[in-house]
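> Below is the file run_21.cif, with mmCIF, C-alpha atoms and all ligand atoms.
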data_my_file
loop_
_atom_site.label_atom_id
_atom_site.label_comp_id
_atom_site.auth_asym_id
_atom_site.auth_seq_id
_atom_site.Cartn_x
_atom_site.Cartn_y
_atom_site.Cartn_z
CA MET A 1 17.08 31.96 -14.62
CA ASN A 2 16.36 29.10 -17.04
CA PRO A 3 12.75 28.53 -18.12
CA ALA A 4 10.63 26.40 -15.80
CA HIS A 5 10.47 22.64 -16.10
CA VAL A 6 7.37 21.50 -18.01
CA PRO A 7 5.58 18.90 -15.85
CA VAL A 8 4.80 15.54 -17.50
CA MET A 9 1.39 13.78 -17.61
CA THR A 10 -0.04 16.41 -15.27
CA SER A 11 -3.76 15.75 -15.84
CA GLU A 12 -3.13 11.99 -15.61
CA ALA A 13 -1.27 12.50 -12.31
CA VAL A 14 -4.10 14.58 -10.87
CA ALA A 15 -6.65 11.95 -11.95
CA ALA A 16 -4.50 9.10 -10.59
CA LEU A 17 -4.20 10.77 -7.19
CA ALA A 18 -8.04 10.95 -7.05
CA ILE A 19 -7.79 14.36 -5.39
CA LYS A 20 -10.52 15.20 -2.91
CA PRO A 21 -11.37 18.32 -0.87
CA GLY A 22 -9.47 18.55 2.41
CA GLY A 23 -6.93 15.91 1.29
CA VAL A 24 -3.28 15.81 2.30
CA TYR A 25 -0.89 15.24 -0.62
CA ILE A 26 2.87 14.76 -0.71
CA ASP A 27 4.91 15.72 -3.77
CA CYS A 28 8.22 13.90 -3.25
CA ASN A 29 9.94 15.74 -6.13
CA ILE A 30 8.49 19.22 -6.02
CA GLY A 31 10.99 20.59 -8.57
CA ASP A 32 9.58 23.77 -10.08
CA GLY A 33 6.17 23.04 -8.55
CA GLY A 34 4.30 22.22 -11.78
CA HIS A 35 2.57 19.07 -10.54
CA ALA A 36 2.07 20.67 -7.12
CA GLU A 37 0.24 23.63 -8.66
CA ALA A 38 -2.07 21.27 -10.55
CA ILE A 39 -2.79 19.31 -7.35
CA LEU A 40 -3.58 22.49 -5.41
CA HIS A 41 -5.78 23.66 -8.25
CA ALA A 42 -7.73 20.40 -8.45
CA SER A 43 -9.78 20.84 -5.28
CA HIS A 44 -10.19 23.03 -2.20
CA ASP A 45 -8.74 22.86 1.34
CA ILE A 46 -5.81 20.79 0.12
CA PHE A 47 -2.66 20.58 2.23
CA LEU A 48 0.46 19.86 0.19
CA LEU A 49 3.89 18.82 1.48
CA GLY A 50 6.62 19.26 -1.12
CA ILE A 51 10.07 17.70 -0.79
CA ASP A 52 13.22 18.27 -2.84
CA LEU A 53 16.95 17.74 -2.40
CA ASP A 54 17.67 20.82 -4.50
CA ALA A 55 17.46 24.13 -2.64
CA ASP A 56 17.15 26.06 -5.95
CA ALA A 57 14.14 23.93 -6.92
CA LEU A 58 12.49 24.74 -3.59
CA ASP A 59 13.02 28.48 -4.24
CA ALA A 60 11.43 28.11 -7.69
CA ALA A 61 8.50 26.14 -6.24
CA GLU A 62 8.02 28.66 -3.44
CA ALA A 63 7.83 31.54 -5.93
CA ARG A 64 5.40 29.67 -8.18
CA LEU A 65 3.14 28.56 -5.32
CA SER A 66 3.21 31.80 -3.31
CA GLY A 67 -0.53 32.23 -3.85
CA TYR A 68 -1.14 29.02 -1.90
CA ALA A 69 1.20 29.88 1.01
CA THR A 70 -1.15 28.69 3.75
CA SER A 71 -1.77 25.31 2.09
CA ILE A 72 1.82 24.19 1.49
CA ARG A 73 4.89 23.17 3.37
CA LEU A 74 8.20 22.87 1.50
CA VAL A 75 10.99 20.75 2.95
CA HIS A 76 14.62 20.49 1.89
CA GLY A 77 15.07 16.77 2.29
CA ASN A 78 15.39 13.33 0.76
CA PHE A 79 12.23 11.44 -0.20
CA ALA A 80 13.92 8.34 1.23
CA ASP A 81 12.83 9.90 4.57
CA VAL A 82 9.28 10.68 3.43
CA ALA A 83 7.67 8.79 6.33
CA SER A 84 9.46 10.80 9.02
CA ILE A 85 9.23 14.07 7.07
CA ALA A 86 5.46 13.53 6.82
CA VAL A 87 5.13 12.91 10.56
CA GLY A 88 7.04 16.12 11.33
CA ASN A 89 5.02 18.22 8.88
CA ARG A 90 1.32 17.48 9.45
CA ALA A 91 1.18 15.07 6.52
CA ARG A 92 0.85 11.60 8.07
CA ASP A 93 -2.12 9.55 6.80
CA ALA A 94 -1.72 11.20 3.42
CA SER A 95 -4.43 10.91 0.75
CA GLY A 96 -1.83 10.71 -2.03
CA VAL A 97 1.91 10.65 -2.70
CA LEU A 98 3.50 11.55 -6.03
CA PHE A 99 6.99 10.69 -7.28
CA ASP A 100 8.20 12.41 -10.47
CA LEU A 101 11.71 11.02 -10.67
CA GLY A 102 14.94 12.15 -12.22
CA VAL A 103 16.37 15.47 -13.19
CA SER A 104 14.39 18.61 -14.09
CA SER A 105 14.88 20.59 -17.29
CA ARG A 106 16.02 23.52 -15.17
CA GLN A 107 18.76 21.38 -13.60
CA LEU A 108 19.77 20.06 -17.04
CA ASP A 109 19.83 23.55 -18.54
CA THR A 110 21.86 25.08 -15.70
CA ALA A 111 25.30 24.28 -17.10
CA GLU A 112 27.23 24.62 -13.84
CA ARG A 113 25.20 21.80 -12.22
CA GLY A 114 27.10 19.44 -14.52
CA PHE A 115 24.16 17.20 -15.54
CA SER A 116 24.45 17.79 -19.30
CA PHE A 117 27.20 16.60 -21.62
CA ARG A 118 26.25 19.33 -24.07
CA ARG A 119 27.59 22.17 -21.94
CA GLU A 120 31.08 22.62 -20.52
CA ALA A 121 30.96 22.55 -16.71
CA PRO A 122 32.59 20.87 -13.73
CA LEU A 123 31.49 17.22 -13.34
CA ASP A 124 29.08 17.70 -10.46
CA MET A 125 25.58 16.13 -10.89
CA ARG A 126 24.52 16.45 -7.23
CA PHE A 127 20.82 17.15 -6.64
CA ASP A 128 21.85 18.50 -3.23
CA VAL A 129 24.94 20.67 -3.68
CA GLU A 130 25.82 20.08 -0.03
CA SER A 131 26.14 16.30 -0.41
CA PRO A 132 29.73 15.06 -0.28
CA THR A 133 30.32 13.15 -3.54
CA THR A 134 30.42 14.66 -7.03
CA ALA A 135 30.61 12.90 -10.39
CA ALA A 136 34.26 14.04 -10.63
CA ASP A 137 35.01 12.11 -7.41
CA ILE A 138 33.59 8.91 -8.92
CA VAL A 139 35.21 9.39 -12.33
CA ASN A 140 38.64 10.14 -10.91
CA ARG A 141 38.77 7.92 -7.81
CA TYR A 142 36.85 4.70 -8.46
CA PRO A 143 38.93 1.65 -9.42
CA GLU A 144 38.33 0.61 -13.05
CA ARG A 145 36.27 -2.47 -12.09
CA GLU A 146 33.91 -0.46 -9.89
CA LEU A 147 33.52 2.19 -12.55
CA GLU A 148 32.64 -0.53 -15.06
CA THR A 149 30.00 -1.96 -12.70
CA VAL A 150 28.39 1.46 -12.17
CA ILE A 151 28.29 2.18 -15.90
CA ARG A 152 26.91 -1.29 -16.75
CA GLU A 153 24.36 -1.57 -13.95
CA LEU A 154 23.10 2.00 -13.69
CA GLY A 155 23.58 3.03 -17.33
CA GLU A 156 22.83 -0.31 -19.01
CA GLU A 157 25.87 0.45 -21.21
CA PRO A 158 26.77 -2.81 -22.99
CA ARG A 159 30.32 -1.59 -23.60
CA ALA A 160 30.91 -0.50 -20.01
CA ARG A 161 34.33 -2.17 -19.91
CA VAL A 162 35.59 -0.12 -22.86
CA VAL A 163 34.22 3.09 -21.36
CA ALA A 164 35.70 2.43 -17.90
CA LYS A 165 39.10 1.60 -19.41
CA ALA A 166 39.10 4.83 -21.47
CA ILE A 167 38.13 6.91 -18.43
CA VAL A 168 40.93 5.45 -16.32
CA ARG A 169 43.45 5.95 -19.16
CA ASN A 170 42.45 9.61 -19.57
CA ARG A 171 42.05 10.78 -16.01
CA ARG A 172 42.17 13.25 -14.48
CA ILE A 173 38.83 14.31 -16.11
CA ASP A 174 37.23 17.42 -14.67
CA THR A 175 34.51 18.62 -17.01
CA THR A 176 31.34 17.30 -18.63
CA THR A 177 32.58 17.91 -22.17
CA GLU A 178 35.98 16.26 -21.47
CA LEU A 179 34.15 13.16 -20.23
CA ALA A 180 31.71 13.18 -23.15
CA ASP A 181 34.67 13.38 -25.50
CA VAL A 182 36.51 10.47 -23.84
CA VAL A 183 33.36 8.30 -24.02
CA SER A 184 32.62 9.26 -27.65
CA ARG A 185 36.16 8.40 -28.74
CA ALA A 186 36.14 5.12 -26.79
CA LEU A 187 32.85 4.04 -28.39
CA ASN A 188 33.87 5.30 -31.82
CA TRP A 189 30.64 7.22 -32.15
CA PRO A 190 29.14 7.27 -35.65
CA ALA A 191 28.33 10.89 -36.47
CA HIS A 192 24.78 10.03 -37.62
CA SER A 193 23.82 8.23 -34.37
CA ARG A 194 20.64 9.68 -32.82
CA VAL A 195 21.56 9.10 -29.18
CA HIS A 196 24.80 10.65 -27.91
CA PRO A 197 27.17 7.86 -26.81
CA ALA A 198 27.75 9.48 -23.40
CA THR A 199 24.02 9.37 -22.52
CA ARG A 200 24.23 6.04 -20.67
CA THR A 201 27.46 6.90 -18.84
CA PHE A 202 26.05 10.25 -17.68
CA GLN A 203 22.85 8.56 -16.45
CA ALA A 204 24.90 5.99 -14.53
CA LEU A 205 27.06 8.63 -12.87
CA ARG A 206 24.07 10.78 -11.90
CA MET A 207 22.36 7.75 -10.35
CA ALA A 208 25.51 6.79 -8.44
CA VAL A 209 26.23 10.34 -7.22
CA ASN A 210 22.69 10.66 -5.84
CA SER A 211 22.20 7.02 -4.66
CA GLU A 212 19.02 7.09 -6.69
CA LEU A 213 18.00 3.42 -6.49
CA ASP A 214 18.51 3.16 -2.73
CA ASN A 215 16.58 6.37 -2.17
CA LEU A 216 13.78 5.25 -4.48
CA GLU A 217 13.29 1.91 -2.76
CA LYS A 218 13.24 3.52 0.70
CA GLY A 219 10.96 6.29 -0.59
CA LEU A 220 8.40 3.86 -2.02
CA PHE A 221 8.14 1.90 1.23
CA GLY A 222 8.02 5.16 3.21
CA ALA A 223 5.24 6.47 0.99
CA ILE A 224 3.15 3.31 1.40
CA GLU A 225 3.62 3.54 5.17
CA THR A 226 2.50 7.20 5.13
CA LEU A 227 -0.69 6.70 3.09
CA GLN A 228 -4.11 6.34 4.70
CA ALA A 229 -6.36 3.44 3.59
CA GLY A 230 -7.60 4.24 0.09
CA GLY A 231 -4.73 6.71 -0.48
CA ARG A 232 -2.91 6.59 -3.81
CA LEU A 233 0.79 6.26 -4.65
CA VAL A 234 1.56 7.55 -8.15
CA THR A 235 4.98 7.30 -9.78
CA LEU A 236 6.45 8.77 -12.96
CA THR A 237 9.70 7.16 -14.13
CA TYR A 238 11.86 7.99 -17.13
CA HIS A 239 14.06 4.96 -17.75
CA SER A 240 13.85 1.21 -17.47
CA ILE A 241 16.00 0.72 -14.36
CA GLU A 242 13.89 2.93 -12.12
CA ASP A 243 10.64 1.68 -13.70
CA ARG A 244 11.66 -1.94 -13.01
CA LEU A 245 12.34 -1.11 -9.36
CA VAL A 246 8.95 0.60 -8.98
CA LYS A 247 7.15 -2.26 -10.74
CA ASN A 248 8.81 -4.88 -8.53
CA VAL A 249 8.07 -3.04 -5.27
CA MET A 250 4.45 -2.39 -6.28
CA ARG A 251 3.85 -6.00 -7.42
CA ARG A 252 5.43 -7.37 -4.28
CA GLU A 253 3.38 -5.10 -2.02
CA ALA A 254 0.23 -6.01 -3.95
CA THR A 255 0.77 -9.73 -3.33
CA GLN A 256 -0.30 -11.75 -0.30
CA CYS A 257 2.50 -14.30 -0.42
CA ILE A 258 6.06 -13.73 -1.63
CA CYS A 259 7.36 -17.27 -1.00
CA PRO A 260 9.27 -18.87 -3.88
CA PRO A 261 6.90 -20.94 -6.08
CA SER A 262 8.71 -24.11 -4.91
CA ALA A 263 7.71 -23.58 -1.22
CA PRO A 264 5.08 -26.21 -0.27
CA VAL A 265 3.43 -23.94 2.34
CA CYS A 266 3.56 -20.21 2.93
CA ILE A 267 6.30 -19.18 5.34
CA CYS A 268 6.80 -15.55 4.34
CA ASP A 269 4.35 -13.78 6.69
CA HIS A 270 4.12 -11.08 4.06
CA VAL A 271 1.13 -8.76 4.40
CA GLN A 272 -0.33 -7.24 1.24
CA SER A 273 -0.41 -3.46 1.68
CA VAL A 274 -1.69 -2.11 -1.67
CA ARG A 275 -3.72 -3.02 -4.74
CA LEU A 276 -2.60 -2.27 -8.29
CA VAL A 277 -4.83 0.39 -9.84
CA ASN A 278 -3.48 -0.06 -13.37
CA ARG A 279 -1.99 -3.38 -14.42
CA ARG A 280 -0.22 -1.82 -17.37
CA VAL A 281 1.80 1.36 -17.27
CA LEU A 282 0.25 4.60 -18.49
CA THR A 283 2.22 6.65 -21.02
CA PRO A 284 1.84 10.21 -22.36
CA THR A 285 -0.36 11.02 -25.33
CA ARG A 286 1.21 11.63 -28.74
CA GLU A 287 0.19 15.29 -28.47
CA GLU A 288 2.06 15.70 -25.18
CA ILE A 289 5.21 14.08 -26.60
CA ARG A 290 5.03 16.37 -29.62
CA ALA A 291 4.73 19.43 -27.38
CA ASN A 292 7.29 18.23 -24.82
CA PRO A 293 9.72 15.60 -26.19
CA ARG A 294 11.13 15.06 -22.67
CA ALA A 295 7.84 13.29 -21.87
CA ARG A 296 8.50 10.53 -24.40
CA SER A 297 10.01 8.02 -21.97
CA ALA A 298 7.57 8.65 -19.08
CA LYS A 299 5.78 5.71 -17.45
CA MET A 300 3.12 6.12 -14.79
CA ARG A 301 2.21 3.47 -12.21
CA ILE A 302 -0.49 3.68 -9.55
CA VAL A 303 -1.32 1.68 -6.42
CA GLU A 304 -3.90 2.19 -3.70
CA LYS A 305 -3.27 1.49 -0.01
CA LEU A 306 -5.49 -1.19 1.48
C1 LIG A 401 11.61 15.73 -12.69
S1 LIG A 401 11.97 16.86 -11.43
C2 LIG A 401 10.39 17.20 -10.72
C3 LIG A 401 9.61 18.24 -11.46
C4 LIG A 401 8.32 18.63 -10.78
N1 LIG A 401 7.39 17.52 -10.69
C5 LIG A 401 7.65 19.81 -11.48
O1 LIG A 401 6.47 19.70 -11.83
O2 LIG A 401 8.30 20.85 -11.64
C6 LIG A 401 12.70 15.84 -10.21
C7 LIG A 401 13.10 16.56 -8.92
O3 LIG A 401 13.36 15.56 -7.93
C8 LIG A 401 14.42 16.01 -7.11
N2 LIG A 401 14.97 14.81 -6.45
C9 LIG A 401 15.68 13.80 -7.01
N3 LIG A 401 15.96 12.85 -6.10
C10 LIG A 401 15.39 13.26 -4.93
C11 LIG A 401 15.33 12.70 -3.63
N4 LIG A 401 15.90 11.53 -3.33
N5 LIG A 401 14.65 13.39 -2.67
C12 LIG A 401 14.06 14.58 -2.97
N6 LIG A 401 14.10 15.17 -4.19
C13 LIG A 401 14.75 14.50 -5.16
C14 LIG A 401 15.36 16.71 -8.08
O4 LIG A 401 16.18 17.63 -7.40
C15 LIG A 401 14.36 17.40 -9.03
O5 LIG A 401 14.10 18.73 -8.60
#
Would it be possible to restate this file's structure as structure tokens?
Ligand SMILES: C[S@@+](CC[C@H](N)C(=O)[O-])C[C@H]1O[C@@H](n2cnc3c(N)ncnc32)[C@H](O)[C@@H]1O


Amino acid sequence: MNPAHVPVMTSEAVAALAIKPGGVYIDCNIGDGGHAEAILHASHDIFLLGIDLDADALDAAEARLSGYATSIRLVHGNFADVASIAVGNRARDASGVLFDLGVSSRQLDTAERGFSFRREAPLDMRFDVESPTTAADIVNRYPERELETVIRELGEEPRARVVAKAIVRNRRIDTTTELADVVSRALNWPAHSRVHPATRTFQALRMAVNSELDNLEKGLFGAIETLQAGGRLVTLTYHSIEDRLVKNVMRREATQCICPPSAPVCICDHVQSVRLVNRRVLTPTREEIRANPRARSAKMRIVEKL
């Protein structure tokens, strides 16, 4: 088995959740259970509900947290359904909900999952290996225009048109390294470039395969619904698209009126549900980034339910 994922901004996450004895906490991305272990360790009589789409991650979390067996419930599910999962698992009126988005190091390092362009493997990228669509399906079946839109919007790849054209010209493409090679040649990658040219395309495909933005939006609203008054929602994002979505949902939910500025009177009937705990994002310390370079892009946001 690959080494465990190193959790990011763990002490900051525990502080942000304001953990108290007897509290009910939901870890929407339990992964290898690193954050969960820190939450359980932070106080006594905690009940923790952990959710993940990846059955292997749940096995890893279960093994790591076996000492806390009576205080945890692990669910194979989608955090988009966090509100109903919480109701069915003794976790409604939660004291805190944590999102630690994206892919774990274990998933990245397990070549056959197909998340990494550095290792030859089938183009898969599904968090849940039982879900129907793989990255190969998108790469080989999407019309060129749709492929371009996915790569531009979810990967923020400025040369999405060139990449989509090259993919269509070269398909069928079945493996991660074949795709990385097609993208590198299309973008005429300078050998000294720091970031691999396929990084953006791989991010876009992973987000499309797993419907990440849809799930995130539903998950954030579900989490707010599930929290008790005074409960905290804490998010860790790793790239600008997901951070923007989180920021927009949090700002909107922390506002009393969402009418356009031109509206003469309020007609939105919007009800503010949270307050922003930190106006600016929190980021990892330099020491953490030195010890764990994967932490370098992390951004933490926190709101409190009213
Ligand atoms: C960055 S890892 C979490 C690591 C974890 N915090 C730890 O300390 O080990 C992200 C996890 O979220 C899971 N995931 C991604 N999207 C999900 C979704 N919509 N619902 C549930 N789990 C999801 C992935 O399978 C992955 O295991």

> Taking only C-alpha atoms and all ligand atoms into account, which residues have an atom no farther than 6 Å from ligand LIG 401 (chain A)? I'd like them as number ranges by chain.

A: 5, 7, 28-35, 51-54, 57, 77-80, 100-104, 127, 215

> Just checking: using only C-alpha atoms, which residue out of A:Pro21, A:Lys165, A:Asp137, A:Asp56 ends up closest to Ser43 of chain A?

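Closest candidate: A:Pro21.
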
> Please compute the atom CA of Leu233 of chain A-atom CA of Ala38 of chain A distance, one decimal, in Å.

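Separation of atom CA of Leu233 of chain A and atom CA of Ala38 of chain A: 16.4 Å.
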
> Which neighbours of segment 189-206 of chain A fall inside 6 Å, counting only C-alpha atoms, when residues of the same chain fewer than 4 positions from it are skipped, and could you give them as a list of chain:residue names?

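Surrounding residues, per the criterion: A:Met125, A:Ile151, A:Leu154, A:Gly155, A:Glu157, A:Ala180, A:Val183, A:Ser184.
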
> Using only C-alpha atoms, please write the residues we just selected to a file, as a PDB file, keeping the file's coordinate frame.


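Output file part_21.pdb is given in full below:
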ATOM      1  CA  MET A 125      25.580  16.130 -10.890  1.00  0.00           C
ATOM      2  CA  ILE A 151      28.290   2.180 -15.900  1.00  0.00           C
ATOM      3  CA  LEU A 154      23.100   2.000 -13.690  1.00  0.00           C
ATOM      4  CA  GLY A 155      23.580   3.030 -17.330  1.00  0.00           C
ATOM      5  CA  GLU A 157      25.870   0.450 -21.210  1.00  0.00           C
ATOM      6  CA  ALA A 180      31.710  13.180 -23.150  1.00  0.00           C
ATOM      7  CA  VAL A 183      33.360   8.300 -24.020  1.00  0.00           C
ATOM      8  CA  SER A 184      32.620   9.260 -27.650  1.00  0.00           C
TER       9      SER A 184
END

> To one decimal in Å, tell me the separation between atom CA of Asp45 of chain A and atom CA of Ala94 of chain A.

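For atom CA of Asp45 of chain A relative to atom CA of Ala94 of chain A, the distance reads 13.8 Å.
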
> Tell me which protein, DNA and RNA residues are within 9 Å of Thr176 of chain A, counting all atoms listed in the file, leaving out same-chain ones fewer than 2 positions away, and put them as a short mmCIF file (atom, residue, chain, number, x, y, z; two decimals) with C-alpha atoms, keeping the file's coordinate frame.


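Output saved as out24.cif:
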data_model
loop_
_atom_site.label_atom_id
_atom_site.label_comp_id
_atom_site.auth_asym_id
_atom_site.auth_seq_id
_atom_site.Cartn_x
_atom_site.Cartn_y
_atom_site.Cartn_z
CA GLY A 114 27.10 19.44 -14.52
CA PHE A 115 24.16 17.20 -15.54
CA SER A 116 24.45 17.79 -19.30
CA PHE A 117 27.20 16.60 -21.62
CA ARG A 118 26.25 19.33 -24.07
CA ARG A 119 27.59 22.17 -21.94
CA GLU A 120 31.08 22.62 -20.52
CA ALA A 121 30.96 22.55 -16.71
CA PRO A 122 32.59 20.87 -13.73
CA LEU A 123 31.49 17.22 -13.34
CA ASP A 124 29.08 17.70 -10.46
CA ILE A 173 38.83 14.31 -16.11
CA ASP A 174 37.23 17.42 -14.67
CA GLU A 178 35.98 16.26 -21.47
CA LEU A 179 34.15 13.16 -20.23
CA ALA A 180 31.71 13.18 -23.15
CA ASP A 181 34.67 13.38 -25.50
CA PHE A 202 26.05 10.25 -17.68
#

> Quick one, how far is atom CA of Asp27 of chain A from atom CA of Val274 of chain A?

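One can read the atom CA of Asp27 of chain A to atom CA of Val274 of chain A distance as 19.1 Å.
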
> Measuring between only C-alpha atoms, which one of A:Ser105, A:Val97, A:Ile167, A:Leu147 shows the shortest distance to Ala16 of chain A?

A:Val97
